[in-house]
Amino acid sequence: MVFDGKISIISNETGGKIEKNIPLMKYISNSPFIHDLSNAAEQGTPLLEIGHGLPKVMITAGIHGNELPPQIATIWLINELSKVKLKGTVYIIPFAIPHATMENSRRFKGMDMNRTASKGGFISNSIIKNIKNLNIGNVADFHSTKPGSNPGVESVFCSKSPCYESFLMAEYITGVTSSKIICHDKAGKMYNGALEDECNLAGIPAITCEVVSRNGLVDGKSPERSYLQMKSYLKYFKII
């Protein structure tokens with residue numbers, strides 16, 4: 001794989017050796033790019049930039065380090081995007097917290113980073129600051145959910161206020177993928193501090209996409225389903 005893009009580090013507090021996560025690495029082929037990405041992840045949270053111009057969108061994965069399918073899917077997506085001409089710029093954070101990915105852990109420093117996006121000093125908040133500084137217009141945060149948990153089904157979370165486009169993005173993706181749409185009237189009403197909600201509250205339309213897989217494992221076709229959600233998100237903006 002030849003990566004025609006840029007890798008930067010947006011936090012030096014989160015670094016970890018992702019190659020120590022054996023279930024994850026079973027799905028990622030070794031290449032010079034993976035070597036470079038692993039080195040970047042050891043330094044902190046890597047941010048990849050692919051393409052040029054508008055629209056500018058972001059895909060994130062690994063806010064919960066033990067949710068492996070979307071982290072795998074981002075690598076597959078980067079591979080595909082590196083081969084085609086994009087109509088816009090895609091920013092990808094494949095491992096939001098490499099240390100948590102290394103440990104196959106939901107938490108980082110004992111805390112759920114998807115409840116801290118409103119608080120300075122946490123990586124989820126740093127991601128939002130980078131989104132604002134880069135003038136990124138839309139965000140999709142990718143997760144996996146274990147059976148029997150909340151939501152426990154393949155789904156797309158969204159809200160209608162203050163960013164109605166959050167709902168429109170979710171409506172499009174669920175129409176393509178047959179994922180379940182889970183919509184709240186107002187962002188932050190149910191999940192205060194979540195990356196999606198804090199983006200919407202800041203006027204940046206955002207969604208959360210979930211596929212089904214047990215924590216710390218890769219079940220069935222969950223990476224493929226996450227990959228399909230990601231491609232549908234980009235197709236909504238006609239970037240691919």
# chains A, B, ... in the order shown; residues from 1 in each chain; ligands from 1
>>> residues_around(residues="stretch 142-153 of chain A", least_positions_apart="2", cutoff="7 Å", atoms="only C-alpha atoms", output="number ranges by chain")
A: 60-61, 67, 69-70, 140, 155, 208-215
>>> residues_around(residues="stretch 104-118 of chain A", least_positions_apart="5", cutoff="9 Å", atoms="only C-alpha atoms", output="tab-separated table (two decimals) with N, CA and C atoms, in the first residue's frame")
chain	number	residue	atom	x	y	z
A	14	THR	N	-1.26	9.82	24.45
A	14	THR	CA	-2.10	8.64	24.22
A	14	THR	C	-1.37	7.50	23.54
A	21	ASN	N	-1.87	-5.59	19.99
A	21	ASN	CA	-3.26	-6.06	20.00
A	21	ASN	C	-3.39	-7.15	18.93
A	62	GLY	N	-11.81	4.17	17.54
A	62	GLY	CA	-10.92	3.84	18.65
A	62	GLY	C	-11.06	4.71	19.88
A	63	ILE	N	-12.12	5.52	19.96
A	63	ILE	CA	-12.36	6.23	21.22
A	63	ILE	C	-12.46	5.22	22.36
A	64	HIS	N	-13.02	4.06	22.04
A	64	HIS	CA	-12.97	2.90	22.93
A	64	HIS	C	-12.00	1.90	22.31
A	65	GLY	N	-10.86	1.70	22.95
A	65	GLY	CA	-9.79	0.91	22.35
A	65	GLY	C	-10.11	-0.55	22.12
A	66	ASN	N	-11.13	-1.07	22.82
A	66	ASN	CA	-11.47	-2.48	22.66
A	66	ASN	C	-12.59	-2.71	21.65
A	67	GLU	N	-12.96	-1.66	20.91
A	67	GLU	CA	-13.93	-1.79	19.84
A	67	GLU	C	-13.15	-1.85	18.53
A	68	LEU	N	-12.85	-3.06	18.11
A	68	LEU	CA	-11.86	-3.29	17.06
A	68	LEU	C	-12.37	-3.15	15.63
A	97	ILE	N	-7.01	6.48	20.63
A	97	ILE	CA	-6.22	6.29	21.85
A	97	ILE	C	-5.38	5.03	21.68
A	99	HIS	N	-2.91	3.82	23.13
A	99	HIS	CA	-2.61	3.10	24.37
A	99	HIS	C	-3.78	2.19	24.77
A	123	ILE	N	-8.45	13.64	25.45
A	123	ILE	CA	-8.20	13.47	24.01
A	123	ILE	C	-9.45	13.74	23.18
A	124	SER	N	-10.63	13.35	23.66
A	124	SER	CA	-11.84	13.60	22.88
A	124	SER	C	-12.08	15.10	22.70
A	125	ASN	N	-11.75	15.88	23.72
A	125	ASN	CA	-11.84	17.33	23.61
A	125	ASN	C	-10.78	17.89	22.67
A	126	SER	N	-9.59	17.29	22.69
A	126	SER	CA	-8.52	17.72	21.78
A	126	SER	C	-8.90	17.44	20.33
A	127	ILE	N	-9.61	16.34	20.09
A	127	ILE	CA	-10.07	16.03	18.74
A	127	ILE	C	-11.02	17.12	18.26
A	128	ILE	N	-11.93	17.55	19.12
A	128	ILE	CA	-12.87	18.60	18.73
A	128	ILE	C	-12.13	19.91	18.45
A	191	TYR	N	-26.37	11.65	25.99
A	191	TYR	CA	-24.96	11.27	26.15
A	191	TYR	C	-24.08	12.51	26.24
A	192	ASN	N	-24.16	13.18	27.35
A	192	ASN	CA	-23.34	14.36	27.58
A	192	ASN	C	-21.86	14.00	27.56
A	193	GLY	N	-21.07	14.74	26.80
A	193	GLY	CA	-19.64	14.49	26.73
A	193	GLY	C	-19.21	13.54	25.64
A	194	ALA	N	-20.16	13.02	24.86
A	194	ALA	CA	-19.81	12.15	23.74
A	194	ALA	C	-19.29	13.01	22.59
A	195	LEU	N	-18.35	12.47	21.83
A	195	LEU	CA	-17.75	13.22	20.73
A	195	LEU	C	-18.82	13.70	19.75
A	196	GLU	N	-19.73	12.81	19.38
A	196	GLU	CA	-20.80	13.18	18.45
A	196	GLU	C	-21.63	14.34	18.99
A	197	ASP	N	-22.09	14.21	20.22
A	197	ASP	CA	-22.97	15.23	20.79
A	197	ASP	C	-22.27	16.58	20.94
A	198	GLU	N	-21.02	16.55	21.39
A	198	GLU	CA	-20.32	17.82	21.58
A	198	GLU	C	-20.02	18.50	20.25
A	199	CYS	N	-19.78	17.72	19.20
A	199	CYS	CA	-19.63	18.32	17.87
A	199	CYS	C	-20.93	18.99	17.44
A	215	ASN	N	-16.67	-7.00	22.77
A	215	ASN	CA	-15.54	-6.15	23.12
A	215	ASN	C	-14.24	-6.93	23.06
A	216	GLY	N	-13.24	-6.32	22.44
A	216	GLY	CA	-11.92	-6.92	22.36
A	216	GLY	C	-11.78	-8.01	21.33
>>> select_by_dssp(residues="stretch 69-108 of chain A", states="strand (DSSP E or B)", output="tab-separated table (two decimals) with C-alpha atoms, in the first residue's frame")
chain	number	residue	atom	x	y	z
A	89	THR	CA	-10.54	16.17	2.01
A	90	VAL	CA	-10.94	13.24	4.38
A	91	TYR	CA	-9.35	13.37	7.84
A	92	ILE	CA	-9.09	9.99	9.55
A	93	ILE	CA	-8.20	9.12	13.13
A	108	PHE	CA	-7.98	5.36	29.20
>>> residues_around(residues="stretch 46-54 of chain A", least_positions_apart="4", cutoff="8 Å", atoms="only C-alpha atoms", output="list in words")
Asp4, Gly5, Lys6, Ile7, Ser8, Ile9, Ile10, Ser11, Leu37, Ala40, Ala41, Leu81, Ser82, Lys85, Leu86, Lys87, Gly88, Thr89, Val90, Tyr91, Ile92, Ile93, Pro94, Phe95 and Ala96 of chain A
>>> select_by_dssp(residues="stretch 11-222 of chain A", states="helix (DSSP H, G or I)", output="number ranges by chain")
A: 18-20, 22-25, 32-43, 68-81, 98-103, 113-115, 123-133, 165-177, 195-201, 222
>>> closest_residue(among="A:Gly44, A:Pro23, A:Gly203, A:Gly16", to="A:Met102", atoms="only C-alpha atoms")
A:Gly16
>>> closest_residue(among="A:Ile204, A:Met58, A:Ile72, A:Ile131", to="A:Met25", atoms="only C-alpha atoms")
A:Ile72
>>> residues_around(residues="stretch 158-167 of chain A", least_positions_apart="2", cutoff="7 Å", atoms="only C-alpha atoms", output="MDAnalysis selection string")
chainID A and resid 156 169:171 182:187 200:201 203 205:208
>>> atom_distance(atom1="atom CA of A:Pro223", atom2="atom CA of A:Ala73")
5.3 Å
